[in-house]
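*Asks:* Take a look at protein36.cif, mmCIF, C-alpha atoms:
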data_entry
loop_
_atom_site.label_atom_id
_atom_site.label_comp_id
_atom_site.auth_asym_id
_atom_site.auth_seq_id
_atom_site.Cartn_x
_atom_site.Cartn_y
_atom_site.Cartn_z
CA MET A 1 -22.24 -22.29 2.59
CA LEU A 2 -25.50 -22.02 4.45
CA THR A 3 -25.77 -21.77 8.20
CA THR A 4 -28.74 -21.26 10.52
CA ARG A 5 -27.69 -17.62 10.92
CA PHE A 6 -30.60 -16.76 8.68
CA VAL A 7 -30.59 -13.21 7.38
CA THR A 8 -33.05 -11.45 5.11
CA GLY A 9 -32.84 -12.91 1.62
CA ALA A 10 -31.11 -16.16 2.60
CA PRO A 11 -32.72 -19.61 2.30
CA ASN A 12 -34.29 -20.56 5.63
CA TRP A 13 -36.60 -23.45 4.75
CA ILE A 14 -37.02 -26.23 2.21
CA ASP A 15 -39.66 -28.83 1.59
CA VAL A 16 -40.58 -31.55 -0.87
CA GLY A 17 -43.96 -32.34 -2.34
CA THR A 18 -44.12 -36.00 -3.32
CA THR A 19 -46.61 -38.59 -4.49
CA ASP A 20 -45.41 -41.02 -1.81
CA ILE A 21 -44.35 -39.53 1.51
CA ASP A 22 -43.64 -42.95 3.02
CA GLY A 23 -41.44 -43.90 0.09
CA ALA A 24 -39.68 -40.53 0.21
CA THR A 25 -39.07 -40.97 3.94
CA SER A 26 -37.42 -44.33 3.29
CA PHE A 27 -35.33 -42.96 0.40
CA TYR A 28 -34.05 -39.83 2.13
CA GLY A 29 -33.66 -41.68 5.40
CA GLY A 30 -31.21 -44.00 3.69
CA LEU A 31 -29.31 -41.11 2.13
CA PHE A 32 -29.28 -38.51 4.90
CA GLY A 33 -30.35 -40.29 8.08
CA TRP A 34 -33.69 -38.46 8.16
CA ARG A 35 -36.83 -39.50 10.02
CA PHE A 36 -40.28 -38.07 9.29
CA ARG A 37 -42.43 -36.54 12.02
CA SER A 38 -45.96 -35.31 11.40
CA ALA A 39 -46.62 -31.67 12.20
CA GLY A 40 -49.97 -32.72 13.65
CA PRO A 41 -53.55 -33.30 12.47
CA GLU A 42 -54.08 -29.59 11.82
CA ALA A 43 -51.16 -29.49 9.34
CA GLY A 44 -52.94 -31.35 6.53
CA GLY A 45 -50.36 -34.12 6.24
CA TYR A 46 -47.34 -31.83 6.38
CA GLY A 47 -44.41 -32.95 8.48
CA PHE A 48 -40.72 -32.59 9.19
CA PHE A 49 -37.67 -34.57 8.14
CA GLU A 50 -35.42 -34.65 11.18
CA ARG A 51 -31.79 -35.61 11.58
CA ASP A 52 -30.75 -36.35 15.17
CA GLY A 53 -33.91 -34.60 16.36
CA ARG A 54 -33.27 -31.41 14.36
CA ILE A 55 -35.46 -30.32 11.45
CA ALA A 56 -33.54 -30.54 8.17
CA ALA A 57 -36.50 -30.17 5.77
CA GLY A 58 -40.26 -30.37 5.45
CA GLY A 59 -42.42 -32.56 3.28
CA MET A 60 -45.91 -33.70 2.41
CA GLN A 61 -47.77 -35.94 0.01
CA THR A 62 -49.18 -34.10 -3.01
CA GLY A 63 -51.52 -34.95 -5.87
CA PRO A 64 -51.30 -34.42 -9.64
CA GLU A 65 -53.19 -31.13 -9.38
CA GLN A 66 -50.29 -29.72 -7.34
CA GLY A 67 -47.73 -30.41 -10.03
CA PRO A 68 -44.96 -33.01 -10.28
CA PRO A 69 -42.87 -33.98 -7.22
CA SER A 70 -40.33 -31.28 -6.48
CA TRP A 71 -38.30 -29.48 -3.84
CA THR A 72 -39.16 -25.86 -2.98
CA VAL A 73 -36.55 -23.51 -1.54
CA TYR A 74 -37.86 -20.74 0.76
CA PHE A 75 -36.13 -17.43 1.42
CA ARG A 76 -36.40 -15.32 4.54
CA SER A 77 -38.36 -12.10 4.28
CA PRO A 78 -39.50 -9.68 6.99
CA ASP A 79 -42.71 -9.09 5.01
CA ALA A 80 -44.15 -11.84 2.80
CA ARG A 81 -46.86 -9.55 1.42
CA ALA A 82 -44.33 -6.93 0.39
CA ALA A 83 -42.25 -9.65 -1.30
CA ALA A 84 -45.32 -10.84 -3.22
CA ALA A 85 -46.06 -7.29 -4.35
CA ALA A 86 -42.42 -6.83 -5.37
CA SER A 87 -42.58 -10.05 -7.42
CA GLU A 88 -45.54 -8.77 -9.39
CA ALA A 89 -43.87 -5.39 -9.88
CA ALA A 90 -40.76 -7.17 -11.22
CA HIS A 91 -42.87 -9.17 -13.73
CA GLY A 92 -43.01 -12.32 -11.64
CA THR A 93 -46.13 -14.04 -10.33
CA VAL A 94 -47.60 -15.19 -7.02
CA PRO A 95 -48.91 -18.78 -7.43
CA VAL A 96 -49.66 -19.07 -3.70
CA PRO A 97 -50.51 -15.76 -1.97
CA PRO A 98 -49.15 -15.09 1.53
CA MET A 99 -50.88 -17.10 4.24
CA GLU A 100 -50.28 -17.51 7.94
CA VAL A 101 -49.12 -20.94 9.09
CA MET A 102 -50.64 -21.05 12.56
CA ASP A 103 -48.27 -19.05 14.77
CA GLN A 104 -45.15 -20.36 13.02
CA GLY A 105 -44.86 -17.71 10.32
CA THR A 106 -46.23 -16.52 6.99
CA MET A 107 -45.49 -18.32 3.74
CA ALA A 108 -46.02 -17.68 0.05
CA VAL A 109 -44.92 -19.24 -3.21
CA LEU A 110 -43.69 -16.88 -5.92
CA ALA A 111 -42.37 -17.45 -9.43
CA ASP A 112 -39.74 -15.30 -11.09
CA ARG A 113 -40.15 -13.77 -14.53
CA ALA A 114 -38.84 -16.98 -16.17
CA GLY A 115 -41.24 -19.17 -14.19
CA ALA A 116 -38.91 -20.65 -11.55
CA ALA A 117 -40.93 -21.19 -8.37
CA PHE A 118 -39.63 -20.48 -4.88
CA GLY A 119 -41.02 -19.85 -1.44
CA ILE A 120 -41.04 -16.96 1.00
CA TRP A 121 -40.93 -17.58 4.74
CA GLN A 122 -41.62 -14.69 7.11
CA PRO A 123 -40.69 -16.02 10.55
CA GLY A 124 -43.13 -16.14 13.42
CA GLN A 125 -42.40 -18.64 16.15
CA ARG A 126 -40.18 -20.56 13.71
CA ALA A 127 -37.16 -18.81 12.22
CA GLY A 128 -36.34 -21.64 9.83
CA LEU A 129 -34.58 -24.98 9.69
CA ASP A 130 -32.80 -26.31 12.76
CA VAL A 131 -29.74 -27.44 10.80
CA ALA A 132 -27.95 -26.30 7.63
CA GLY A 133 -24.50 -26.51 6.11
CA GLU A 134 -23.53 -29.87 7.60
CA PRO A 135 -23.90 -33.51 6.50
CA GLY A 136 -27.52 -34.44 5.91
CA ALA A 137 -28.66 -30.83 5.60
CA LEU A 138 -29.15 -28.12 2.99
CA CYS A 139 -25.84 -26.47 2.15
CA TRP A 140 -26.24 -24.64 -1.20
CA VAL A 141 -28.87 -23.71 -3.81
CA GLU A 142 -28.69 -22.96 -7.53
CA LEU A 143 -31.08 -21.24 -9.89
CA TYR A 144 -31.15 -22.60 -13.44
CA THR A 145 -32.53 -19.88 -15.72
CA PRO A 146 -32.38 -18.84 -19.39
CA ASP A 147 -31.31 -15.26 -18.56
CA THR A 148 -28.91 -14.83 -15.63
CA ALA A 149 -28.88 -11.03 -15.85
CA ALA A 150 -32.68 -10.80 -15.77
CA ALA A 151 -32.77 -13.24 -12.85
CA ALA A 152 -30.20 -11.20 -10.92
CA ALA A 153 -32.31 -8.07 -11.43
CA TYR A 154 -35.52 -9.82 -10.32
CA TYR A 155 -34.07 -11.31 -7.13
CA GLY A 156 -32.36 -8.04 -6.34
CA ALA A 157 -35.73 -6.29 -6.50
CA VAL A 158 -37.70 -8.95 -4.60
CA LEU A 159 -35.20 -10.25 -2.02
CA GLY A 160 -32.42 -7.70 -2.09
CA LEU A 161 -29.92 -10.29 -3.33
CA GLU A 162 -26.53 -9.35 -4.74
CA THR A 163 -24.45 -11.26 -7.28
CA SER A 164 -20.75 -11.53 -8.02
CA ALA A 165 -18.67 -13.39 -10.58
CA VAL A 166 -16.26 -16.03 -9.27
CA ASP A 167 -13.78 -17.95 -11.42
CA PHE A 168 -13.34 -21.64 -10.64
CA PRO A 169 -10.33 -23.39 -12.23
CA GLY A 170 -11.56 -25.68 -14.99
CA ALA A 171 -15.20 -24.69 -14.47
CA GLY A 172 -15.31 -21.16 -15.84
CA THR A 173 -17.08 -18.17 -14.30
CA TYR A 174 -19.85 -18.77 -11.80
CA THR A 175 -22.42 -16.23 -10.62
CA CYS A 176 -22.61 -16.37 -6.83
CA VAL A 177 -25.50 -14.98 -4.80
CA ASN A 178 -25.57 -13.42 -1.33
CA PRO A 179 -27.96 -11.32 0.75
CA ALA A 180 -27.50 -7.57 0.57
CA GLY A 181 -24.34 -6.41 2.32
CA GLN A 182 -23.21 -9.91 3.32
CA GLY A 183 -20.49 -10.32 0.72
CA GLU A 184 -18.48 -13.53 0.36
CA ASP A 185 -19.28 -14.69 3.90
CA GLY A 186 -22.97 -14.70 3.06
CA MET A 187 -22.84 -16.61 -0.24
CA PHE A 188 -25.43 -19.36 -0.30
CA GLY A 189 -25.88 -20.24 -3.96
CA GLY A 190 -25.48 -19.40 -7.59
CA ILE A 191 -27.28 -18.54 -10.82
CA VAL A 192 -26.55 -20.93 -13.68
CA PRO A 193 -27.56 -20.77 -17.36
CA LEU A 194 -30.36 -23.26 -17.99
CA ALA A 195 -28.42 -24.53 -21.00
CA ASP A 196 -25.81 -25.94 -18.60
CA ASP A 197 -28.38 -28.52 -17.42
CA ALA A 198 -28.97 -30.79 -20.40
CA GLU A 199 -31.62 -32.74 -18.51
CA ALA A 200 -33.83 -29.77 -17.63
CA THR A 201 -36.12 -27.73 -19.86
CA LEU A 202 -37.79 -25.50 -17.26
CA PRO A 203 -36.19 -22.90 -14.96
CA HIS A 204 -35.89 -24.15 -11.39
CA TRP A 205 -34.15 -23.83 -8.04
CA LEU A 206 -31.98 -26.86 -7.19
CA PRO A 207 -31.11 -27.65 -3.55
CA TYR A 208 -27.78 -29.19 -2.56
CA PHE A 209 -27.45 -31.38 0.53
CA ALA A 210 -24.08 -31.94 2.18
CA VAL A 211 -22.82 -35.52 2.46
CA THR A 212 -19.59 -37.06 3.69
CA ASP A 213 -19.14 -39.31 0.63
CA THR A 214 -20.75 -38.34 -2.68
CA ASP A 215 -19.98 -41.65 -4.40
CA ALA A 216 -21.41 -43.75 -1.60
CA THR A 217 -24.51 -41.56 -1.53
CA LEU A 218 -25.03 -42.01 -5.27
CA ALA A 219 -24.67 -45.76 -4.98
CA ARG A 220 -27.24 -45.84 -2.19
CA ALA A 221 -29.59 -43.59 -4.19
CA VAL A 222 -29.48 -45.89 -7.23
CA GLU A 223 -30.04 -48.96 -5.06
CA THR A 224 -33.19 -47.40 -3.62
CA GLY A 225 -34.75 -46.11 -6.84
CA GLY A 226 -33.06 -42.77 -7.47
CA THR A 227 -31.59 -41.69 -10.79
CA VAL A 228 -28.22 -40.03 -11.37
CA VAL A 229 -28.59 -37.00 -13.63
CA VAL A 230 -25.00 -35.72 -13.43
CA PRO A 231 -22.38 -38.16 -12.08
CA ALA A 232 -19.95 -37.32 -9.33
CA THR A 233 -17.72 -34.43 -10.43
CA ASP A 234 -14.85 -32.69 -8.68
CA ILE A 235 -14.79 -28.87 -8.68
CA GLU A 236 -11.56 -27.43 -7.34
CA GLY A 237 -12.11 -25.42 -4.20
CA VAL A 238 -15.75 -26.54 -3.97
CA GLY A 239 -15.82 -30.31 -3.55
CA ARG A 240 -17.29 -33.40 -5.16
CA LEU A 241 -20.88 -32.98 -6.32
CA ALA A 242 -23.57 -34.81 -8.26
CA ARG A 243 -27.15 -34.15 -9.36
CA LEU A 244 -29.93 -36.71 -9.18
CA THR A 245 -33.65 -37.33 -8.77
CA ASP A 246 -35.47 -39.28 -6.10
CA PRO A 247 -37.69 -42.25 -7.10
CA TYR A 248 -40.63 -39.89 -7.70
CA GLY A 249 -38.83 -37.34 -9.86
CA ALA A 250 -37.90 -34.58 -7.41
CA ARG A 251 -34.54 -33.08 -8.41
CA PHE A 252 -31.75 -32.37 -5.93
CA ALA A 253 -27.96 -32.46 -5.64
CA VAL A 254 -25.39 -33.66 -3.14
CA LEU A 255 -22.01 -32.19 -2.28
CA THR A 256 -19.03 -33.33 -0.30
CA PRO A 257 -17.42 -29.96 0.42
CA ALA A 258 -13.71 -29.51 -0.16
CA PRO A 259 -11.70 -28.97 3.05
CA ARG A 260 -11.58 -25.28 3.88
CA SER A 261 -8.15 -23.73 3.67
CA GLU A 262 -7.09 -21.76 6.74
#
Just give me the structure of the file as structure tokens.
*Replies:*
Amino acid sequence: MLTTRFVTGAPNWIDVGTTDIDGATSFYGGLFGWRFRSAGPEAGGYGFFERDGRIAAGGMQTGPEQGPPSWTVYFRSPDARAAAAASEAAHGTVPVPPMEVMDQGTMAVLADRAGAAFGIWQPGQRAGLDVAGEPGALCWVELYTPDTAAAAAYYGAVLGLETSAVDFPGAGTYTCVNPAGQGEDGMFGGIVPLADDAEATLPHWLPYFAVTDTDATLARAVETGGTVVVPATDIEGVGRLARLTDPYGARFAVLTPAPRSE
């Protein structure tokens, strides 16, 4: 699971672009206890979702020209420009070239060879999120892609990520992802065949947020305009998870982690 011990190649930021930032604030506030705080007039409407005063995500209102509402997962890199160059060399693209975000860091948006978009965050004054891996915060990410081997090669070249096969009882073999040299302790996500998501047609990164009660969270989401894509499901050794969309169409998942065995 994710922590704020961000290392090169690990997710260190996440944000949502939405057609209604006020509505999204109300929706995610009800689910995760978030409050929205503007980053200031110079930030162009961007702001932070905070839980107990700690930044759990970012967000801003977007228009049709910026694509449909969606979550973007960012990965830590010591050199955003080198990562962009590596993406192009690995047959990916660079939809948003590296740019400095005041003194906070340098960001870019890349897309892998299948078209799945993701972000790069090169830390400046801000290393990343204030909270991860606990209720109301990002805890896991998954890439849905038509070619898992090609994806593993791309992210190895661009971010230095490593993959390993893990067997889950009743759920088959799962491709886990970790930063170079971090092994099992550094696992933060997985690569999943796109065909396993019957509701999706395009490759994408899916964020998981930890919750204390998956079923109660789903009920609250439906009450406030969300849609359940995959109902609550138990995965032995992992926990109880579900996939859904917010009222504006942004896809995400929730997970109540299984108790860790000592």
*Asks:* May I have the residues at most 8 Å from (-42.6, -32.3, 1.9) in the file's coordinates, counting only C-alpha atoms, as a PyMOL selection string?
*Replies:* chain A and resi 15-18+21+46-48+57-61+71
*Asks:* Out of A:Phe188, A:Trp205, A:Tyr74, A:Tyr28, which residue has the shortest atom-to-atom distance to Met107 (chain A) when counting only C-alpha atoms?
*Replies:*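 That would be A:Tyr74, the residue with the smallest distance to Met107 (chain A).
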*Asks:* If the PyMOL selection byres ((chain A and resi 120-124) around 6) were run on this exact file, what residues would it hold? Put them as a compact mmCIF listing (two decimals) with C-alpha atoms, in the coordinates of the input.
*Replies:*
# COMPACT_ATOMS: atom_id res chain seq x y z
CA TYR A 74 -37.86 -20.74 0.76
CA PHE A 75 -36.13 -17.43 1.42
CA ARG A 76 -36.40 -15.32 4.54
CA SER A 77 -38.36 -12.10 4.28
CA PRO A 78 -39.50 -9.68 6.99
CA ALA A 80 -44.15 -11.84 2.80
CA GLN A 104 -45.15 -20.36 13.02
CA GLY A 105 -44.86 -17.71 10.32
CA THR A 106 -46.23 -16.52 6.99
CA MET A 107 -45.49 -18.32 3.74
CA ALA A 108 -46.02 -17.68 0.05
CA GLY A 119 -41.02 -19.85 -1.44
CA GLN A 125 -42.40 -18.64 16.15
CA ARG A 126 -40.18 -20.56 13.71
CA ALA A 127 -37.16 -18.81 12.22
*Asks:* Which neighbours of Pro259 (chain A) fall inside 9 Å, counting all atoms listed in the file, when residues of the same chain fewer than 2 positions from it are skipped, and could you give them as a ChimeraX atom specification?
*Replies:* /A:237-239,257,261
*Asks:* Can I get the selected residues back with C-alpha atoms, as a short mmCIF file (atom, residue, chain, number, x, y, z; two decimals), in the coordinates of the input?
*Replies:*
data_model
loop_
_atom_site.label_atom_id
_atom_site.label_comp_id
_atom_site.auth_asym_id
_atom_site.auth_seq_id
_atom_site.Cartn_x
_atom_site.Cartn_y
_atom_site.Cartn_z
CA GLY A 237 -12.11 -25.42 -4.20
CA VAL A 238 -15.75 -26.54 -3.97
CA GLY A 239 -15.82 -30.31 -3.55
CA PRO A 257 -17.42 -29.96 0.42
CA SER A 261 -8.15 -23.73 3.67
#
*Asks:* When distances are computed from only C-alpha atoms, which of A:Met1, A:Gly128, A:Ala89, A:Pro135 shows the smallest separation from Gly190 (chain A)?
*Replies:*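 So, comparing all the options, the nearest one is A:Met1.
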*Asks:* Report as a JSON list (two decimals) with C-alpha atoms, keeping the file's coordinate frame the residues that result from applying the PyMOL selection byres ((chain A and resi 217-231) around 10) to the structure here.
*Replies:*
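Result file follows (out-v4.json):
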[["chain", "number", "residue", "atom", "x", "y", "z"],
["A", 23, "GLY", "CA", -41.44, -43.90, 0.09],
["A", 26, "SER", "CA", -37.42, -44.33, 3.29],
["A", 27, "PHE", "CA", -35.33, -42.96, 0.40],
["A", 28, "TYR", "CA", -34.05, -39.83, 2.13],
["A", 30, "GLY", "CA", -31.21, -44.00, 3.69],
["A", 31, "LEU", "CA", -29.31, -41.11, 2.13],
["A", 32, "PHE", "CA", -29.28, -38.51, 4.90],
["A", 197, "ASP", "CA", -28.38, -28.52, -17.42],
["A", 198, "ALA", "CA", -28.97, -30.79, -20.40],
["A", 199, "GLU", "CA", -31.62, -32.74, -18.51],
["A", 200, "ALA", "CA", -33.83, -29.77, -17.63],
["A", 211, "VAL", "CA", -22.82, -35.52, 2.46],
["A", 212, "THR", "CA", -19.59, -37.06, 3.69],
["A", 213, "ASP", "CA", -19.14, -39.31, 0.63],
["A", 214, "THR", "CA", -20.75, -38.34, -2.68],
["A", 215, "ASP", "CA", -19.98, -41.65, -4.40],
["A", 216, "ALA", "CA", -21.41, -43.75, -1.60],
["A", 232, "ALA", "CA", -19.95, -37.32, -9.33],
["A", 233, "THR", "CA", -17.72, -34.43, -10.43],
["A", 234, "ASP", "CA", -14.85, -32.69, -8.68],
["A", 240, "ARG", "CA", -17.29, -33.40, -5.16],
["A", 241, "LEU", "CA", -20.88, -32.98, -6.32],
["A", 242, "ALA", "CA", -23.57, -34.81, -8.26],
["A", 243, "ARG", "CA", -27.15, -34.15, -9.36],
["A", 244, "LEU", "CA", -29.93, -36.71, -9.18],
["A", 245, "THR", "CA", -33.65, -37.33, -8.77],
["A", 246, "ASP", "CA", -35.47, -39.28, -6.10],
["A", 247, "PRO", "CA", -37.69, -42.25, -7.10],
["A", 248, "TYR", "CA", -40.63, -39.89, -7.70],
["A", 249, "GLY", "CA", -38.83, -37.34, -9.86],
["A", 250, "ALA", "CA", -37.90, -34.58, -7.41],
["A", 251, "ARG", "CA", -34.54, -33.08, -8.41],
["A", 252, "PHE", "CA", -31.75, -32.37, -5.93],
["A", 253, "ALA", "CA", -27.96, -32.46, -5.64],
["A", 254, "VAL", "CA", -25.39, -33.66, -3.14],
["A", 255, "LEU", "CA", -22.01, -32.19, -2.28],
["A", 256, "THR", "CA", -19.03, -33.33, -0.30]]
*Asks:* So, with only C-alpha atoms as the atoms that count, which of A:Ala56, A:Gly136, A:Ala195, A:Ala151 lies closest to Gly33 (chain A)?
*Replies:*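 The shortest atom-to-atom distance to Gly33 (chain A) comes from A:Gly136.
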